[in-house]
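structure_23.cif, holding mmCIF, C-alpha atoms:
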data_query
loop_
_atom_site.label_atom_id
_atom_site.label_comp_id
_atom_site.auth_asym_id
_atom_site.auth_seq_id
_atom_site.Cartn_x
_atom_site.Cartn_y
_atom_site.Cartn_z
CA MET W 17 -51.62 58.08 66.95
CA PRO W 18 -52.70 61.45 65.55
CA ARG W 19 -56.34 62.06 64.73
CA ARG W 20 -56.80 63.41 61.27
CA THR W 21 -59.25 65.76 59.70
CA ALA W 22 -61.15 64.85 56.59
CA LEU W 23 -59.34 65.30 53.33
CA VAL W 24 -61.14 67.37 50.71
CA VAL W 25 -60.07 66.60 47.16
CA ALA W 26 -60.86 69.14 44.46
CA LEU W 27 -62.40 67.59 41.36
CA GLY W 28 -60.01 69.50 39.20
CA LEU W 29 -57.10 67.54 40.60
CA TRP W 30 -58.32 64.14 39.45
CA VAL W 31 -55.91 62.20 37.25
CA PRO W 32 -57.46 60.48 34.20
CA ALA W 33 -58.03 56.76 34.62
CA SER W 34 -55.81 54.26 32.86
CA ALA W 35 -55.16 50.55 32.94
CA CYS W 36 -53.53 51.05 36.34
CA THR W 37 -55.94 53.65 37.75
CA ARG W 38 -59.66 52.96 38.08
CA VAL W 39 -61.80 55.52 39.85
CA SER W 40 -64.04 54.18 42.61
CA ASP W 41 -67.38 55.76 43.51
CA ARG W 42 -67.42 54.22 46.98
CA GLN W 43 -67.05 56.46 50.01
CA ARG W 44 -65.95 55.69 53.54
CA PHE W 45 -68.16 55.63 56.62
CA ASN W 46 -71.59 55.23 54.97
CA GLY W 47 -73.27 53.57 58.01
CA ASN W 48 -72.26 49.97 58.52
CA PRO W 49 -74.23 47.34 60.43
CA ASP W 50 -71.18 45.07 60.70
CA THR W 51 -69.16 45.01 63.91
CA LEU W 52 -65.54 44.77 64.99
CA GLU W 53 -64.82 41.68 67.03
CA ILE W 54 -61.70 40.64 68.94
CA VAL W 55 -61.34 37.06 67.73
CA ARG W 56 -58.03 36.18 69.38
CA THR W 57 -55.67 37.51 72.02
CA ILE W 58 -51.99 36.77 72.54
CA PRO W 59 -51.47 35.86 75.31
CA GLU W 60 -54.78 34.21 76.14
CA ALA W 61 -56.63 35.26 79.27
CA GLY W 62 -55.15 33.68 82.40
CA ALA W 63 -51.79 32.91 80.82
CA LEU W 64 -48.44 33.04 82.62
CA VAL W 65 -46.33 35.60 80.77
CA GLU W 66 -42.84 37.08 80.76
CA PRO W 67 -42.26 40.55 82.29
CA ASP W 68 -41.66 41.99 78.81
CA VAL W 69 -44.98 40.69 77.45
CA GLN W 70 -46.82 42.39 74.61
CA VAL W 71 -50.59 41.96 74.40
CA ARG W 72 -51.86 41.50 70.86
CA LEU W 73 -55.51 41.82 69.88
CA CYS W 74 -56.59 40.25 66.60
CA PHE W 75 -59.70 41.83 65.08
CA ASN W 76 -61.96 40.38 62.41
CA ARG W 77 -61.90 43.53 60.26
CA ILE W 78 -59.67 46.39 59.19
CA ILE W 79 -59.33 49.24 61.74
CA ASP W 80 -59.25 52.96 61.00
CA PRO W 81 -55.83 54.17 62.25
CA ALA W 82 -57.30 57.54 63.24
CA SER W 83 -59.52 55.89 65.86
CA LEU W 84 -56.63 54.78 68.11
CA THR W 85 -54.38 56.61 70.57
CA ASP W 86 -52.00 55.43 73.27
CA VAL W 87 -54.55 56.33 75.97
CA ASP W 88 -57.06 53.81 74.65
CA ALA W 89 -55.38 51.00 76.62
CA VAL W 90 -54.38 50.77 80.26
CA MET W 91 -52.37 48.00 81.95
CA ALA W 92 -52.58 47.89 85.73
CA SER W 93 -52.21 45.79 88.87
CA GLY W 94 -54.46 47.17 91.56
CA ASN W 95 -53.82 50.90 91.74
CA SER W 96 -50.44 50.58 90.02
CA VAL W 97 -50.82 51.67 86.40
CA THR W 98 -48.17 50.91 83.78
CA ASP W 99 -47.73 53.31 80.88
CA THR W 100 -48.27 51.62 77.51
CA ALA W 101 -47.81 52.24 73.80
CA LEU W 102 -50.17 51.09 71.06
CA ARG W 103 -49.26 49.94 67.57
CA LEU W 104 -51.66 49.06 64.78
CA GLU W 105 -50.94 46.62 62.00
CA LEU W 106 -53.58 47.42 59.39
CA MET W 107 -53.02 43.91 58.13
CA PRO W 108 -50.47 41.88 60.13
CA TRP W 109 -46.93 42.07 58.82
CA THR W 110 -45.45 40.22 61.79
CA ALA W 111 -45.85 36.74 63.29
CA PRO W 112 -48.08 36.12 66.35
CA ASP W 113 -45.15 36.79 68.69
CA GLY W 114 -44.33 40.09 66.99
CA THR W 115 -41.24 38.87 65.15
CA ASP W 116 -40.74 38.76 61.39
CA PRO W 117 -43.03 36.19 59.78
CA ASP W 118 -41.74 32.91 58.42
CA PRO W 119 -40.58 33.58 54.83
CA ALA W 120 -42.66 30.57 53.80
CA SER W 121 -45.88 32.09 55.18
CA THR W 122 -48.47 32.71 52.49
CA ALA W 123 -51.04 34.50 54.67
CA PRO W 124 -51.10 36.55 57.89
CA TRP W 125 -52.03 34.83 61.15
CA CYS W 126 -54.92 37.28 61.72
CA ASN W 127 -57.48 38.03 59.01
CA GLY W 128 -58.12 41.59 60.21
CA SER W 129 -56.05 44.25 61.95
CA VAL W 130 -53.84 43.68 64.99
CA VAL W 131 -53.45 46.09 67.91
CA THR W 132 -50.33 45.56 70.02
CA VAL W 133 -50.22 46.97 73.55
CA THR W 134 -46.66 47.25 74.90
CA PRO W 135 -45.77 48.26 78.48
CA ARG W 136 -43.12 50.97 78.48
CA GLU W 137 -41.31 49.16 81.29
CA ALA W 138 -41.04 45.52 82.37
CA LEU W 139 -43.93 44.23 84.47
CA ILE W 140 -43.40 42.97 88.01
CA GLY W 141 -42.96 39.22 88.40
CA GLY W 142 -45.44 37.31 90.56
CA VAL W 143 -48.16 39.91 90.03
CA ARG W 144 -51.50 39.65 88.22
CA TYR W 145 -52.18 42.38 85.68
CA ARG W 146 -55.33 43.44 83.92
CA MET W 147 -55.30 45.20 80.57
CA ARG W 148 -58.23 47.41 79.63
CA PHE W 149 -58.93 48.37 76.02
CA ASP W 150 -61.58 51.08 75.65
CA ASP W 151 -64.42 51.14 73.15
CA THR W 152 -63.03 53.91 70.95
CA VAL W 153 -61.83 51.77 68.05
CA THR W 154 -63.62 52.11 64.72
CA GLY W 155 -63.43 49.94 61.64
CA TRP W 156 -62.20 51.31 58.33
CA ARG W 157 -65.79 51.28 57.06
CA GLY W 158 -67.21 52.75 60.26
CA GLU W 159 -67.85 49.48 62.10
CA ARG W 160 -68.16 49.74 65.86
CA ALA W 161 -66.91 47.17 68.38
CA ASP W 162 -69.21 44.35 69.38
CA VAL W 163 -69.27 45.19 73.08
CA GLU W 164 -71.63 42.30 73.81
CA GLY W 165 -68.88 39.80 73.03
CA GLU W 166 -66.76 37.85 75.48
CA GLY W 167 -64.30 39.97 77.46
CA TRP W 168 -66.29 43.22 77.19
CA LEU W 169 -67.70 44.86 80.32
CA PHE W 170 -69.75 48.02 80.82
CA ASN W 171 -68.98 50.65 83.45
CA ASP W 172 -71.27 51.08 86.46
CA ALA W 173 -73.36 53.64 84.61
CA GLY W 174 -73.80 51.27 81.69
CA THR W 175 -72.72 53.94 79.22
CA ASP W 176 -69.21 52.85 78.20
CA ALA W 177 -67.66 49.45 77.59
CA SER W 178 -64.08 48.17 77.68
CA PHE W 179 -62.39 44.90 76.79
CA PHE W 180 -60.47 43.26 79.64
CA ILE W 181 -57.85 40.53 79.77
CA GLU W 182 -56.00 39.32 82.89
CA PHE W 183 -52.71 37.42 83.09
CA ASP W 184 -50.02 36.56 85.63
CA VAL W 185 -46.39 37.62 85.28
CA ASP W 186 -43.80 34.89 85.83
CA ASP W 187 -41.47 35.56 88.75
CA THR W 188 -38.98 32.83 87.87
CA PRO W 189 -35.54 34.40 87.43
CA SER W 190 -34.60 34.19 83.79
CA ALA W 191 -31.16 33.24 82.60
CA PRO W 192 -28.99 36.18 81.53
CA ARG W 193 -29.32 36.91 77.86
CA ASP W 194 -26.45 37.83 75.62
CA PRO W 195 -27.03 41.23 74.05
CA VAL W 196 -28.45 40.93 70.57
CA PRO W 197 -27.12 43.50 68.12
CA GLU W 198 -29.73 45.61 66.43
CA PRO W 199 -30.10 44.53 62.79
CA GLU W 200 -29.60 47.03 60.04
CA PRO W 201 -32.95 48.59 59.06
CA MET W 202 -34.53 47.44 55.84
CA SER W 203 -33.69 49.75 52.93
CA LEU W 204 -35.73 50.63 49.88
CA ALA W 205 -32.79 49.48 47.76
CA ALA W 206 -33.25 45.98 49.23
CA LEU W 207 -36.79 45.92 47.80
CA PHE W 208 -35.27 46.26 44.32
CA GLU W 209 -32.86 43.35 44.72
CA PRO W 210 -33.32 40.26 42.49
CA GLY W 211 -36.51 38.46 43.45
CA ALA W 212 -37.70 41.21 45.82
CA VAL W 213 -41.05 42.94 45.38
CA PHE W 214 -39.77 45.87 43.24
CA ASP W 215 -37.29 43.83 41.20
CA THR W 216 -37.51 45.32 37.72
CA GLU W 217 -37.56 41.81 36.22
CA ARG W 218 -40.86 41.07 37.93
CA THR W 219 -44.12 42.08 36.24
CA THR W 220 -45.92 42.95 39.49
CA CYS W 221 -45.25 46.68 39.26
CA SER W 222 -44.77 47.02 35.51
CA CYS W 223 -47.33 49.86 35.21
CA HIS W 224 -45.16 51.98 37.48
CA ARG W 225 -42.14 51.49 35.21
CA ASP W 226 -43.87 52.40 31.95
CA GLU W 227 -43.17 56.04 31.05
CA ASP W 228 -46.35 56.14 28.96
CA ASP W 229 -48.61 55.01 31.81
CA VAL W 230 -50.11 57.53 34.22
CA ALA W 231 -49.28 55.11 37.04
CA SER W 232 -45.60 55.86 36.49
CA ALA W 233 -46.26 59.59 36.84
CA LEU W 234 -47.95 58.95 40.19
CA LEU W 235 -45.30 56.52 41.45
CA ASP W 236 -42.08 55.84 39.58
CA LEU W 237 -40.66 52.42 40.47
CA ARG W 238 -37.94 52.22 37.83
CA ASP W 239 -35.17 52.53 40.43
CA PRO W 240 -34.74 53.11 44.18
CA THR W 241 -33.90 56.81 43.80
CA SER W 242 -37.03 57.67 41.82
CA ALA W 243 -39.15 55.49 44.10
CA PHE W 244 -37.79 57.15 47.25
CA GLU W 245 -38.66 60.61 45.90
CA ASP W 246 -42.24 59.59 45.11
CA LEU W 247 -42.81 57.59 48.27
CA VAL W 248 -40.97 59.36 51.10
CA PHE W 249 -40.37 62.86 49.76
CA GLU W 250 -44.01 63.16 48.63
CA SER W 251 -45.66 65.00 51.52
CA ARG W 252 -49.11 65.61 50.03
CA LEU W 253 -51.95 63.73 51.68
CA GLN W 254 -53.62 61.08 49.57
CA GLU W 255 -57.35 60.43 49.38
CA THR W 256 -57.41 58.51 52.68
CA GLY W 257 -55.90 61.47 54.53
CA TYR W 258 -52.39 60.02 54.87
CA PRO W 259 -49.12 60.61 52.97
CA MET W 260 -47.68 57.99 50.66
CA VAL W 261 -45.30 56.81 53.41
CA THR W 262 -45.20 57.73 57.09
CA PRO W 263 -41.86 56.40 58.39
CA ARG W 264 -42.29 53.93 61.29
CA ARG W 265 -46.08 53.97 60.82
CA PRO W 266 -46.99 51.54 58.02
CA SER W 267 -50.72 51.61 58.85
CA GLU W 268 -50.70 55.39 58.35
CA SER W 269 -49.07 55.09 54.94
CA PHE W 270 -51.16 55.22 51.77
CA LEU W 271 -48.81 52.74 50.10
CA ILE W 272 -49.90 50.06 52.60
CA GLN W 273 -53.55 51.10 52.44
CA LYS W 274 -53.46 50.76 48.65
CA LEU W 275 -52.21 47.17 48.94
CA VAL W 276 -54.87 45.96 51.39
CA ARG W 277 -58.00 44.27 50.03
CA VAL W 278 -61.32 43.44 51.67
CA ASP W 279 -63.26 40.71 49.88
CA GLY W 280 -61.04 41.34 46.87
CA ASP W 281 -61.71 45.08 46.69
CA ALA W 282 -59.70 48.14 47.64
CA LEU W 283 -60.35 49.75 51.01
CA GLU W 284 -63.25 52.19 51.15
CA GLY W 285 -62.23 55.63 49.94
CA VAL W 286 -59.19 54.39 48.01
CA HIS W 287 -59.74 55.67 44.48
CA GLY W 288 -58.98 53.01 41.92
CA ALA W 289 -58.32 49.33 42.29
CA ALA W 290 -56.19 47.77 44.96
CA MET W 291 -52.61 47.17 43.85
CA PRO W 292 -51.43 45.12 42.12
CA LEU W 293 -54.17 44.96 39.51
CA GLY W 294 -55.93 41.66 38.99
CA GLU W 295 -57.72 39.23 41.22
CA ASP W 296 -54.70 38.19 43.29
CA PRO W 297 -53.35 40.40 46.09
CA LEU W 298 -49.65 41.07 46.52
CA PRO W 299 -47.97 37.92 47.88
CA TYR W 300 -47.94 38.10 51.67
CA ALA W 301 -44.13 37.92 51.89
CA ASP W 302 -43.89 41.00 49.64
CA PHE W 303 -46.48 42.90 51.67
CA ALA W 304 -44.67 42.09 54.91
CA MET W 305 -41.36 43.26 53.42
CA ILE W 306 -42.81 46.63 52.34
CA ALA W 307 -44.42 47.13 55.75
CA ARG W 308 -41.20 46.19 57.50
CA TRP W 309 -39.29 48.74 55.41
CA ILE W 310 -41.67 51.50 56.53
CA ASP W 311 -41.79 50.23 60.12
CA GLU W 312 -37.98 50.35 60.38
CA GLY W 313 -37.79 53.96 59.22
CA ALA W 314 -38.24 53.91 55.42
CA ALA W 315 -34.51 54.22 54.71
CA PRO W 316 -33.36 54.87 51.09
#

Translate the structure of the given file into structure tokens.
Amino acid sequence: MPRRTALVVALGLWVPASACTRVSDRQRFNGNPDTLEIVRTIPEAGALVEPDVQVRLCFNRIIDPASLTDVDAVMASGNSVTDTALRLELMPWTAPDGTDPDPASTAPWCNGSVVTVTPREALIGGVRYRMRFDDTVTGWRGERADVEGEGWLFNDAGTDASFFIEFDVDDTPSAPRDPVPEPEPMSLAALFEPGAVFDTERTTCSCHRDEDDVASALLDLRDPTSAFEDLVFESRLQETGYPMVTPRRPSESFLIQKLVRVDGDALEGVHGAAMPLGEDPLPYADFAMIARWIDEGAAP
């Protein structure tokens, strides 16, 4: 994932506050005594896994996307190292096994962020692997990893720590699988269908459909065409340093960051209240649908 530079916002560019825009005086990364903890792993340590396993790390807090790169994790058996890819779910939009969540789910399975480590090729059956996750991750509010927790080990010099998990790869021949056709990617138009999150009959996003509200000028959700222009065609960086939507990278999209709440409040550095306004966050099914749309390419 790319590392970003700090975003400087000129005071002259501020938009006046309205019912849908409340300016926040909180800033990110003011020193934070709290820590990031890995509270669950899938699979668990010592598990017997399939060759196409993905390792998922559930954290107790929200992670800063800029603090992760693909080189922060290594999967190896002895001296044989397997190339991996990392993916961050700022707040989980998938089920524990990485598939779409149950439509009846009302909350994510992990209360913080999830890091998924995926080998770029199938692992070798009958072999024990160890995954190492380095202490480079930072919380959204500047929290550092609790390297004294279970699974963390320091190097011989005692200067750097990494989280380790070991598992065995099943060598039982699996039955041939019929090819599964790739589903059509989620479209923005689908989010406007009856009952979906941007359905114009729902009141959730009413501020963004009112021509007299500044929220509509910032993001027009009256129809899919207007919404696509403001979400995907808008290339300017927002106050968190990310564009409105980064296709295939929901966690690096301001739209997702604006929807996430911590203890009921917007993320640090997000000017204004978390969306939607009010005490209740966006229903989890709606959040997962928006994230899935971005993750699958942010099609019109």

Residues returned when the PyMOL selection byres ((chain W and resi 272-275) around 6) runs on this file, as a count of residues only = 6

Using only C-alpha atoms, the best pick from W:Ala231, W:Val131, W:Val71, W:Ala177 as closest to W:Arg146 would be W:Val71

Tell me, counting only C-alpha atoms, for each residue of stretch 102-139 of chain W within 12 Å of stretch 149-172 of chain W, which pair of atoms is nearest and how far apart they are in Å to one decimal, in rows ordered by chain and increasing number, as a tab-separated table.
residue	atom	partner	partner_atom	distance
W:Leu102	CA	W:Phe149	CA	10.4
W:Leu104	CA	W:Val153	CA	11.0
W:Leu106	CA	W:Trp156	CA	9.5
W:Met107	CA	W:Trp156	CA	11.8
W:Gly128	CA	W:Gly155	CA	10.0
W:Ser129	CA	W:Gly155	CA	9.3
W:Val130	CA	W:Val153	CA	11.8
W:Val131	CA	W:Phe149	CA	10.0
W:Thr132	CA	W:Phe149	CA	10.9
W:Val133	CA	W:Phe149	CA	9.2

Exactly which residues make up the result of the PyMOL selection byres ((chain W and resi 234) around 10) on this file, given as a list in words?
->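 Written out, the selection comes to Val31, Thr37, His224, Asp229, Val230, Ala231, Ser232, Ala233, Leu235, Asp236, Leu237, Asp246 and Leu247 of chain W.
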
Determine the nearest neighbour of W:Ala111 from the options W:Arg264, W:Ala301, W:Ser203, W:Ile78, counting all atoms listed in the file.
-> W:Ala301

Which residues come within 12 Å of W:Arg252, counting all atoms listed in the file, excluding same-chain residues fewer than 2 positions away, as a short mmCIF file (atom, residue, chain, number, x, y, z; two decimals) with C-alpha atoms, in the frame of the given file?
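Result written to out15.cif:
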data_model
loop_
_atom_site.label_atom_id
_atom_site.label_comp_id
_atom_site.auth_asym_id
_atom_site.auth_seq_id
_atom_site.Cartn_x
_atom_site.Cartn_y
_atom_site.Cartn_z
CA LEU W 23 -59.34 65.30 53.33
CA VAL W 25 -60.07 66.60 47.16
CA LEU W 234 -47.95 58.95 40.19
CA ASP W 246 -42.24 59.59 45.11
CA LEU W 247 -42.81 57.59 48.27
CA VAL W 248 -40.97 59.36 51.10
CA PHE W 249 -40.37 62.86 49.76
CA GLU W 250 -44.01 63.16 48.63
CA GLN W 254 -53.62 61.08 49.57
CA GLU W 255 -57.35 60.43 49.38
CA THR W 256 -57.41 58.51 52.68
CA GLY W 257 -55.90 61.47 54.53
CA TYR W 258 -52.39 60.02 54.87
CA PRO W 259 -49.12 60.61 52.97
CA MET W 260 -47.68 57.99 50.66
CA VAL W 261 -45.30 56.81 53.41
CA THR W 262 -45.20 57.73 57.09
CA SER W 269 -49.07 55.09 54.94
CA PHE W 270 -51.16 55.22 51.77
#

The PyMOL selection byres ((chain W and resi 281) around 12) resolved against shown file, as a list in words | Arg38, Ser40, Arg42, Gln273, Lys274, Leu275, Val276, Arg277, Val278, Asp279, Gly280, Ala282, Leu283, Glu284, Gly285, Val286, His287, Gly288, Ala289, Ala290, Met291, Pro292, Leu293, Gly294, Glu295, Asp296 and Pro297 of chain W

Would you mind telling me which residue in W:Arg218, W:Arg103, W:Arg148, W:Arg238 lies nearest to W:Ile79 when using only C-alpha atoms?
->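 The closest residue to W:Ile79 is W:Arg103.
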
12 Å contact set for W:Gly141, all atoms listed in the file, chain neighbours under 5 positions out, as a list of chain:residue names | W:Leu64, W:Val65, W:Glu66, W:Pro67, W:Asp68, W:Val69, W:Ser93, W:Phe183, W:Asp184, W:Val185, W:Asp186, W:Asp187, W:Thr188, W:Pro189, W:Ser190

Of the candidates W:Arg77, W:Asp215, W:Asp116, W:Thr134, which shows the shortest atom-to-atom distance to W:Ile58, using only C-alpha atoms?
->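 Of all the options, W:Thr134 lies closest to W:Ile58.
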
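Each of W:Ile140, W:Ala205, W:Asp176, W:Arg225 was checked against W:Trp309 using only C-alpha atoms; the smallest atom-to-atom distance is that of W:Ala205.
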
Which one of W:Ala212, W:Ala191, W:Cys126, W:Pro108 sits closest to W:Ala307 if you count only C-alpha atoms?
->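 Smallest distance to W:Ala307 is found for W:Pro108.
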
For the atom pair atom CA of W:Ser242 and atom CA of W:Leu207, what is the interatomic distance in Å to one decimal place?
->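 Interatomic distance, atom CA of W:Ser242 to atom CA of W:Leu207: 13.2 Å.
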
Atomic separation - atom CA of W:Thr51 relative to atom CA of W:Thr115, Å =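 So the two atoms, atom CA of W:Thr115 and atom CA of W:Thr51, lie 28.6 Å apart.
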
Quick one, how far is atom CA of W:Thr241 from atom CA of W:Pro117?
->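 If I compute the distance from atom CA of W:Thr241 to atom CA of W:Pro117, I get 27.6 Å.
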
Show me, as AutoDock Vina command-line options, the centre and edge lengths in Å to one decimal of the axis-aligned box that covers every listed atom of stretch 120-139 of chain W with 6 Å on each side.
--center_x -49.6 --center_y 40.8 --center_z 68.5 --size_x 29.1 --size_y 32.4 --size_z 44.0

Please identify all polymer residues within 10 Å of W:Thr98, counting only C-alpha atoms, omitting same-chain residues fewer than 4 positions from it, and present them as a list in words.
-> Val90, Met91, Ala92, Ser93, Thr134, Pro135, Arg136, Glu137, Ala138, Leu139, Tyr145 and Met147 of chain W

C-alpha atoms of the current selection, written as a PDB file, keeping the file's coordinate frame:
ATOM      1  CA  VAL W  90     -54.380  50.770  80.260  1.00  0.00           C
ATOM      2  CA  MET W  91     -52.370  48.000  81.950  1.00  0.00           C
ATOM      3  CA  ALA W  92     -52.580  47.890  85.730  1.00  0.00           C
ATOM      4  CA  SER W  93     -52.210  45.790  88.870  1.00  0.00           C
ATOM      5  CA  THR W 134     -46.660  47.250  74.900  1.00  0.00           C
ATOM      6  CA  PRO W 135     -45.770  48.260  78.480  1.00  0.00           C
ATOM      7  CA  ARG W 136     -43.120  50.970  78.480  1.00  0.00           C
ATOM      8  CA  GLU W 137     -41.310  49.160  81.290  1.00  0.00           C
ATOM      9  CA  ALA W 138     -41.040  45.520  82.370  1.00  0.00           C
ATOM     10  CA  LEU W 139     -43.930  44.230  84.470  1.00  0.00           C
ATOM     11  CA  TYR W 145     -52.180  42.380  85.680  1.00  0.00           C
ATOM     12  CA  MET W 147     -55.300  45.200  80.570  1.00  0.00           C
TER      13      MET W 147
END

Complete the atom set of stretch 134-152 of chain W to N, CA, C and O atoms and return it as a compact mmCIF listing (two decimals), in the frame of the given file.
# COMPACT_ATOMS: atom_id res chain seq x y z
N THR W 134 -47.98 47.53 74.35
CA THR W 134 -46.66 47.25 74.90
C THR W 134 -46.40 48.10 76.15
O THR W 134 -46.45 49.33 76.08
N PRO W 135 -46.15 47.48 77.31
CA PRO W 135 -45.77 48.26 78.48
C PRO W 135 -44.45 48.99 78.23
O PRO W 135 -43.54 48.43 77.59
N ARG W 136 -44.35 50.20 78.70
CA ARG W 136 -43.12 50.97 78.48
C ARG W 136 -42.01 50.56 79.44
O ARG W 136 -40.89 51.03 79.31
N GLU W 137 -42.33 49.71 80.41
CA GLU W 137 -41.31 49.16 81.29
C GLU W 137 -41.73 47.74 81.65
O GLU W 137 -42.91 47.38 81.55
N ALA W 138 -40.75 46.91 82.05
CA ALA W 138 -41.04 45.52 82.37
C ALA W 138 -42.04 45.42 83.51
O ALA W 138 -42.00 46.22 84.47
N LEU W 139 -42.96 44.44 83.42
CA LEU W 139 -43.93 44.23 84.47
C LEU W 139 -43.28 43.51 85.65
O LEU W 139 -42.21 42.93 85.53
N ILE W 140 -43.94 43.54 86.77
CA ILE W 140 -43.40 42.97 88.01
C ILE W 140 -43.75 41.49 88.09
O ILE W 140 -44.91 41.10 87.96
N GLY W 141 -42.74 40.65 88.31
CA GLY W 141 -42.96 39.22 88.40
C GLY W 141 -43.79 38.84 89.61
O GLY W 141 -43.72 39.47 90.66
N GLY W 142 -44.61 37.78 89.47
CA GLY W 142 -45.44 37.31 90.56
C GLY W 142 -46.70 38.13 90.78
O GLY W 142 -47.39 37.92 91.79
N VAL W 143 -47.00 39.01 89.88
CA VAL W 143 -48.16 39.91 90.03
C VAL W 143 -49.16 39.64 88.93
O VAL W 143 -48.79 39.31 87.79
N ARG W 144 -50.45 39.77 89.23
CA ARG W 144 -51.50 39.65 88.22
C ARG W 144 -51.82 41.04 87.67
O ARG W 144 -52.02 42.00 88.43
N TYR W 145 -51.87 41.12 86.36
CA TYR W 145 -52.18 42.38 85.68
C TYR W 145 -53.49 42.24 84.91
O TYR W 145 -53.86 41.15 84.48
N ARG W 146 -54.13 43.38 84.75
CA ARG W 146 -55.33 43.44 83.92
C ARG W 146 -55.13 44.54 82.88
O ARG W 146 -54.74 45.66 83.23
N MET W 147 -55.37 44.20 81.62
CA MET W 147 -55.30 45.20 80.57
C MET W 147 -56.71 45.59 80.17
O MET W 147 -57.57 44.72 79.96
N ARG W 148 -56.93 46.88 80.05
CA ARG W 148 -58.23 47.41 79.63
C ARG W 148 -58.07 48.11 78.29
O ARG W 148 -57.19 48.96 78.12
N PHE W 149 -58.93 47.75 77.35
CA PHE W 149 -58.93 48.37 76.02
C PHE W 149 -60.30 49.02 75.82
O PHE W 149 -61.32 48.34 75.81
N ASP W 150 -60.32 50.34 75.67
CA ASP W 150 -61.58 51.08 75.65
C ASP W 150 -62.28 51.00 74.30
O ASP W 150 -61.65 50.79 73.25
N ASP W 151 -63.59 51.21 74.34
CA ASP W 151 -64.42 51.14 73.15
C ASP W 151 -64.36 52.45 72.36
O ASP W 151 -65.33 53.20 72.29
N THR W 152 -63.19 52.73 71.81
CA THR W 152 -63.03 53.91 70.95
C THR W 152 -62.68 53.51 69.53
O THR W 152 -62.71 54.33 68.62
